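Dropping structure.pdb in here (PDB, C-alpha atoms, pLDDT in the B column):
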ATOM      1  CA  MET N   1     105.942  92.689  51.430  1.00 49.00           C
ATOM      2  CA  ALA N   2     106.580  95.505  53.876  1.00 62.00           C
ATOM      3  CA  ALA N   3     104.902  95.612  57.270  1.00 74.00           C
ATOM      4  CA  ALA N   4     101.509  97.259  57.457  1.00 78.00           C
ATOM      5  CA  PRO N   5     101.699 100.956  58.309  1.00 83.00           C
ATOM      6  CA  THR N   6     100.717 102.129  61.762  1.00 89.00           C
ATOM      7  CA  GLN N   7      97.449 103.988  62.206  1.00 87.00           C
ATOM      8  CA  ILE N   8      99.296 107.333  62.346  1.00 92.00           C
ATOM      9  CA  GLU N   9     101.321 106.555  59.206  1.00 93.00           C
ATOM     10  CA  ALA N  10      98.212 105.548  57.259  1.00 91.00           C
ATOM     11  CA  GLU N  11      96.386 108.697  58.360  1.00 93.00           C
ATOM     12  CA  LEU N  12      99.396 110.840  57.442  1.00 95.00           C
ATOM     13  CA  TYR N  13      99.541 109.339  53.945  1.00 95.00           C
ATOM     14  CA  TYR N  14      95.831 110.112  53.597  1.00 95.00           C
ATOM     15  CA  LEU N  15      96.242 113.709  54.775  1.00 96.00           C
ATOM     16  CA  ILE N  16      99.225 114.270  52.461  1.00 96.00           C
ATOM     17  CA  ALA N  17      97.251 112.996  49.479  1.00 96.00           C
ATOM     18  CA  ARG N  18      94.270 115.216  50.381  1.00 96.00           C
ATOM     19  CA  PHE N  19      96.595 118.218  50.771  1.00 96.00           C
ATOM     20  CA  LEU N  20      98.187 117.567  47.379  1.00 96.00           C
ATOM     21  CA  GLN N  21      94.759 117.239  45.769  1.00 95.00           C
ATOM     22  CA  SER N  22      93.749 120.692  47.024  1.00 92.00           C
ATOM     23  CA  GLY N  23      96.748 122.474  45.518  1.00 92.00           C
ATOM     24  CA  PRO N  24      98.631 122.693  42.235  1.00 94.00           C
ATOM     25  CA  CYS N  25     100.174 119.192  42.586  1.00 93.00           C
ATOM     26  CA  ASN N  26      97.241 117.164  41.257  1.00 93.00           C
ATOM     27  CA  LYS N  27      99.459 114.778  39.279  1.00 95.00           C
ATOM     28  CA  SER N  28     101.508 114.036  42.393  1.00 95.00           C
ATOM     29  CA  ALA N  29      98.299 113.423  44.317  1.00 95.00           C
ATOM     30  CA  GLN N  30      97.085 110.972  41.659  1.00 96.00           C
ATOM     31  CA  VAL N  31     100.362 109.056  41.751  1.00 96.00           C
ATOM     32  CA  LEU N  32     100.330 108.969  45.560  1.00 96.00           C
ATOM     33  CA  VAL N  33      96.738 107.698  45.638  1.00 96.00           C
ATOM     34  CA  GLN N  34      97.633 104.970  43.114  1.00 96.00           C
ATOM     35  CA  GLU N  35     100.614 103.899  45.226  1.00 95.00           C
ATOM     36  CA  LEU N  36      98.572 103.926  48.436  1.00 95.00           C
ATOM     37  CA  GLU N  37      96.058 101.575  46.840  1.00 93.00           C
ATOM     38  CA  GLU N  38      98.730  99.448  45.143  1.00 93.00           C
ATOM     39  CA  HIS N  39     100.731  98.925  48.345  1.00 92.00           C
ATOM     40  CA  GLN N  40      97.575  98.591  50.473  1.00 89.00           C
ATOM     41  CA  LEU N  41      98.507 101.543  52.691  1.00 91.00           C
ATOM     42  CA  ILE N  42      94.899 102.674  53.064  1.00 90.00           C
ATOM     43  CA  PRO N  43      93.400 101.614  56.405  1.00 85.00           C
ATOM     44  CA  ARG N  44      91.047  98.677  56.054  1.00 85.00           C
ATOM     45  CA  ARG N  45      87.437  98.953  57.100  1.00 85.00           C
ATOM     46  CA  LEU N  46      85.710  96.632  59.540  1.00 86.00           C
ATOM     47  CA  ASP N  47      82.274  95.264  58.878  1.00 87.00           C
ATOM     48  CA  TRP N  48      79.684  94.655  61.572  1.00 91.00           C
ATOM     49  CA  GLU N  49      81.076  91.145  62.150  1.00 91.00           C
ATOM     50  CA  GLY N  50      84.605  92.451  62.729  1.00 89.00           C
ATOM     51  CA  ARG N  51      86.040  91.276  59.402  1.00 91.00           C
ATOM     52  CA  GLU N  52      88.510  93.524  57.588  1.00 88.00           C
ATOM     53  CA  HIS N  53      87.968  94.641  53.994  1.00 89.00           C
ATOM     54  CA  ARG N  54      90.129  96.624  51.590  1.00 89.00           C
ATOM     55  CA  ARG N  55      88.809  99.991  50.541  1.00 90.00           C
ATOM     56  CA  SER N  56      89.639 102.549  47.918  1.00 92.00           C
ATOM     57  CA  PHE N  57      90.907 106.047  48.515  1.00 94.00           C
ATOM     58  CA  GLU N  58      87.536 107.444  47.450  1.00 94.00           C
ATOM     59  CA  ASP N  59      85.836 105.271  50.084  1.00 93.00           C
ATOM     60  CA  LEU N  60      88.199 106.678  52.717  1.00 93.00           C
ATOM     61  CA  VAL N  61      87.469 110.253  51.579  1.00 94.00           C
ATOM     62  CA  ALA N  62      83.722 109.569  51.788  1.00 94.00           C
ATOM     63  CA  ALA N  63      84.082 108.034  55.255  1.00 93.00           C
ATOM     64  CA  ASN N  64      86.005 111.122  56.395  1.00 94.00           C
ATOM     65  CA  ALA N  65      83.888 113.815  54.781  1.00 95.00           C
ATOM     66  CA  HIS N  66      84.331 115.913  57.934  1.00 96.00           C
ATOM     67  CA  ILE N  67      88.070 116.286  57.154  1.00 95.00           C
ATOM     68  CA  PRO N  68      88.731 119.209  54.757  1.00 96.00           C
ATOM     69  CA  PRO N  69      91.513 118.954  52.136  1.00 95.00           C
ATOM     70  CA  ASP N  70      93.657 121.527  53.989  1.00 95.00           C
ATOM     71  CA  TYR N  71      93.437 119.700  57.339  1.00 96.00           C
ATOM     72  CA  LEU N  72      97.168 118.836  57.372  1.00 95.00           C
ATOM     73  CA  LEU N  73      98.043 122.492  56.772  1.00 95.00           C
ATOM     74  CA  LYS N  74      95.800 123.530  59.663  1.00 95.00           C
ATOM     75  CA  ILE N  75      97.490 120.985  61.941  1.00 95.00           C
ATOM     76  CA  CYS N  76     100.930 122.314  60.997  1.00 92.00           C
ATOM     77  CA  GLU N  77      99.833 125.906  61.630  1.00 92.00           C
ATOM     78  CA  ARG N  78      98.629 125.023  65.135  1.00 92.00           C
ATOM     79  CA  ILE N  79     101.591 122.933  66.312  1.00 90.00           C
ATOM     80  CA  GLY N  80     104.031 125.837  66.677  1.00 88.00           C
ATOM     81  CA  PRO N  81     101.886 128.079  68.899  1.00 88.00           C
ATOM     82  CA  LEU N  82     100.916 125.122  71.093  1.00 88.00           C
ATOM     83  CA  LEU N  83     104.544 124.110  71.546  1.00 86.00           C
ATOM     84  CA  ASP N  84     105.609 127.722  72.195  1.00 86.00           C
ATOM     85  CA  LYS N  85     103.330 127.789  75.243  1.00 86.00           C
ATOM     86  CA  GLU N  86     105.133 124.792  76.717  1.00 85.00           C
ATOM     87  CA  ILE N  87     108.715 125.336  75.494  1.00 83.00           C
ATOM     88  CA  PRO N  88     109.389 128.825  74.059  1.00 83.00           C
ATOM     89  CA  GLN N  89     111.530 129.084  70.956  1.00 80.00           C
ATOM     90  CA  SER N  90     114.674 131.205  70.822  1.00 77.00           C
ATOM     91  CA  VAL N  91     113.352 133.673  68.229  1.00 78.00           C
ATOM     92  CA  PRO N  92     109.702 134.470  69.003  1.00 79.00           C
ATOM     93  CA  GLY N  93     107.389 134.953  66.052  1.00 80.00           C
ATOM     94  CA  VAL N  94     109.386 132.868  63.578  1.00 81.00           C
ATOM     95  CA  GLN N  95     107.128 130.049  62.358  1.00 83.00           C
ATOM     96  CA  THR N  96     108.883 127.297  60.419  1.00 85.00           C
ATOM     97  CA  LEU N  97     108.527 123.544  60.085  1.00 86.00           C
ATOM     98  CA  LEU N  98     112.233 123.263  59.211  1.00 86.00           C
ATOM     99  CA  GLY N  99     113.800 124.711  62.378  1.00 84.00           C
ATOM    100  CA  VAL N 100     116.596 123.166  64.394  1.00 84.00           C
ATOM    101  CA  GLY N 101     117.452 123.302  68.089  1.00 80.00           C
ATOM    102  CA  ARG N 102     115.188 125.735  69.939  1.00 79.00           C
ATOM    103  CA  GLN N 103     113.400 126.511  66.654  1.00 82.00           C
ATOM    104  CA  SER N 104     112.587 122.837  65.983  1.00 84.00           C
ATOM    105  CA  LEU N 105     109.038 121.573  66.357  1.00 83.00           C
ATOM    106  CA  LEU N 106     110.577 118.437  67.868  1.00 85.00           C
ATOM    107  CA  ARG N 107     112.342 120.351  70.661  1.00 84.00           C
ATOM    108  CA  ASP N 108     111.932 119.365  74.269  1.00 81.00           C
ATOM    109  CA  ALA N 109     112.969 120.948  77.552  1.00 75.00           C
ATOM    110  CA  LYS N 110     116.450 119.365  77.594  1.00 72.00           C
ATOM    111  CA  ASP N 111     117.226 120.888  74.157  1.00 63.00           C
ATOM    112  CA  CYS N 112     116.580 124.351  75.556  1.00 61.00           C
ATOM    113  CA  LYS N 113     118.817 124.241  78.602  1.00 61.00           C
ATOM    114  CA  SER N 114     121.473 126.918  78.795  1.00 57.00           C
ATOM    115  CA  THR N 115     124.975 125.935  77.809  1.00 55.00           C
ATOM    116  CA  LEU N 116     128.012 126.806  79.839  1.00 56.00           C
ATOM    117  CA  TRP N 117     131.112 127.560  77.809  1.00 55.00           C
ATOM    118  CA  ASN N 118     134.508 126.862  79.266  1.00 57.00           C
ATOM    119  CA  GLY N 119     137.425 129.158  78.550  1.00 57.00           C
ATOM    120  CA  SER N 120     139.251 126.775  76.211  1.00 58.00           C
ATOM    121  CA  ALA N 121     136.231 126.389  73.966  1.00 56.00           C
ATOM    122  CA  PHE N 122     135.772 130.148  73.870  1.00 53.00           C
ATOM    123  CA  ALA N 123     139.455 130.750  73.146  1.00 56.00           C
ATOM    124  CA  ALA N 124     139.392 128.559  70.027  1.00 57.00           C
ATOM    125  CA  LEU N 125     139.683 130.775  66.987  1.00 52.00           C
ATOM    126  CA  HIS N 126     137.396 130.582  64.014  1.00 55.00           C
ATOM    127  CA  ARG N 127     138.775 132.364  60.944  1.00 56.00           C
ATOM    128  CA  GLY N 128     140.954 134.500  63.187  1.00 55.00           C
ATOM    129  CA  ARG N 129     138.283 135.555  65.651  1.00 62.00           C
ATOM    130  CA  PRO N 130     136.444 133.954  68.596  1.00 60.00           C
ATOM    131  CA  PRO N 131     133.337 131.948  67.699  1.00 59.00           C
ATOM    132  CA  GLU N 132     129.874 133.394  68.189  1.00 61.00           C
ATOM    133  CA  LEU N 133     128.365 132.637  71.572  1.00 57.00           C
ATOM    134  CA  PRO N 134     125.204 130.542  71.489  1.00 57.00           C
ATOM    135  CA  VAL N 135     121.940 132.314  72.217  1.00 56.00           C
ATOM    136  CA  ASN N 136     121.350 130.248  75.353  1.00 54.00           C
ATOM    137  CA  TYR N 137     124.714 130.598  77.108  1.00 56.00           C
ATOM    138  CA  VAL N 138     124.574 131.001  80.894  1.00 54.00           C
ATOM    139  CA  LYS N 139     127.277 133.588  81.375  1.00 59.00           C
ATOM    140  CA  PRO N 140     130.281 134.746  79.376  1.00 57.00           C
ATOM    141  CA  PRO N 141     133.395 132.705  80.094  1.00 56.00           C
ATOM    142  CA  ASN N 142     136.353 134.165  81.936  1.00 59.00           C
ATOM    143  CA  VAL N 143     138.975 134.598  79.217  1.00 55.00           C
ATOM    144  CA  ALA N 144     141.741 135.547  81.637  1.00 54.00           C
TER     145      ALA N 144
END
Go through the file and emit its structure as structure tokens.
Amino acid sequence: MAAAPTQIEAELYYLIARFLQSGPCNKSAQVLVQELEEHQLIPRRLDWEGREHRRSFEDLVAANAHIPPDYLLKICERIGPLLDKEIPQSVPGVQTLLGVGRQSLLRDAKDCKSTLWNGSAFAALHRGRPPELPVNYVKPPNVA
């Protein structure tokens, strides 16, 4: 049997299932809910004596009635603007969960440092012409 999921993983599974239930993927949501219950990936509840008990997905939904079905979508919509305040992206206004580098939601300050190109790297030809300079280069290299 696999290790029990962390609190974050269990909550993420729950939010994914709720998101799927609110859209056109109801069959996928049903299958996910069945698997969550089958593999015991739903967080257990504690009684007043501190004992753990299994619970169903419906019990978890009832216990979290304050969480709307589109909660995961709302979280994803808010992550980008919050991160942009701390570490700006390279192309402002582009909102994507699938970005890479300075467009990634997993970027940190070290990913956004300027790169310094040396002359030999710049002189390398790509299909008969010099490669494109990265957006975050410090200064153009001396090609002389």
- request: Would you kindly translate the PyMOL selection byres ((chain N and resi 75-88) around 8) into the concrete residues it picks from this file, as an MDAnalysis selection string?
  value: chainID N and resid 71:74 89:90 92 95 97 102 105 107:109 112
message: Take the PyMOL selection byres ((chain N and resi 44) around 8), run it mentally on this structure, and tell me the resulting residues as number ranges by chain.
response: N: 42-43, 45-46, 52-55
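Computed from the coordinates, the atom CA of N:Leu60 to atom CA of N:Tyr14 distance equals 8.4 Å.
Atom pair atom CA of N:Gly23 / atom CA of N:Ala4 has a distance of 28.3 Å (rounded to one decimal).
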- request: Would you kindly translate the PyMOL selection byres ((chain N and resi 13) around 12) into the concrete residues it picks from this file, as an MDAnalysis selection string?
  value: chainID N and resid 5:12 14:20 29 32:37 39:43 57 60 72
message: Using Å and a single decimal, report how far atom CA of N:Thr96 sits from atom CA of N:Lys27.
response: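 Result for atom CA of N:Lys27 versus atom CA of N:Thr96: 26.3 Å, one decimal.
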How big is the axis-aligned box around all listed atoms of stretch 16-33 of chain N once 4 Å goes on each side, and where's its centre, in Å to one decimal, as JSON?
{"center_x": 97.6, "center_y": 115.2, "center_z": 45.9, "size_x": 15.8, "size_y": 23.0, "size_z": 21.2}
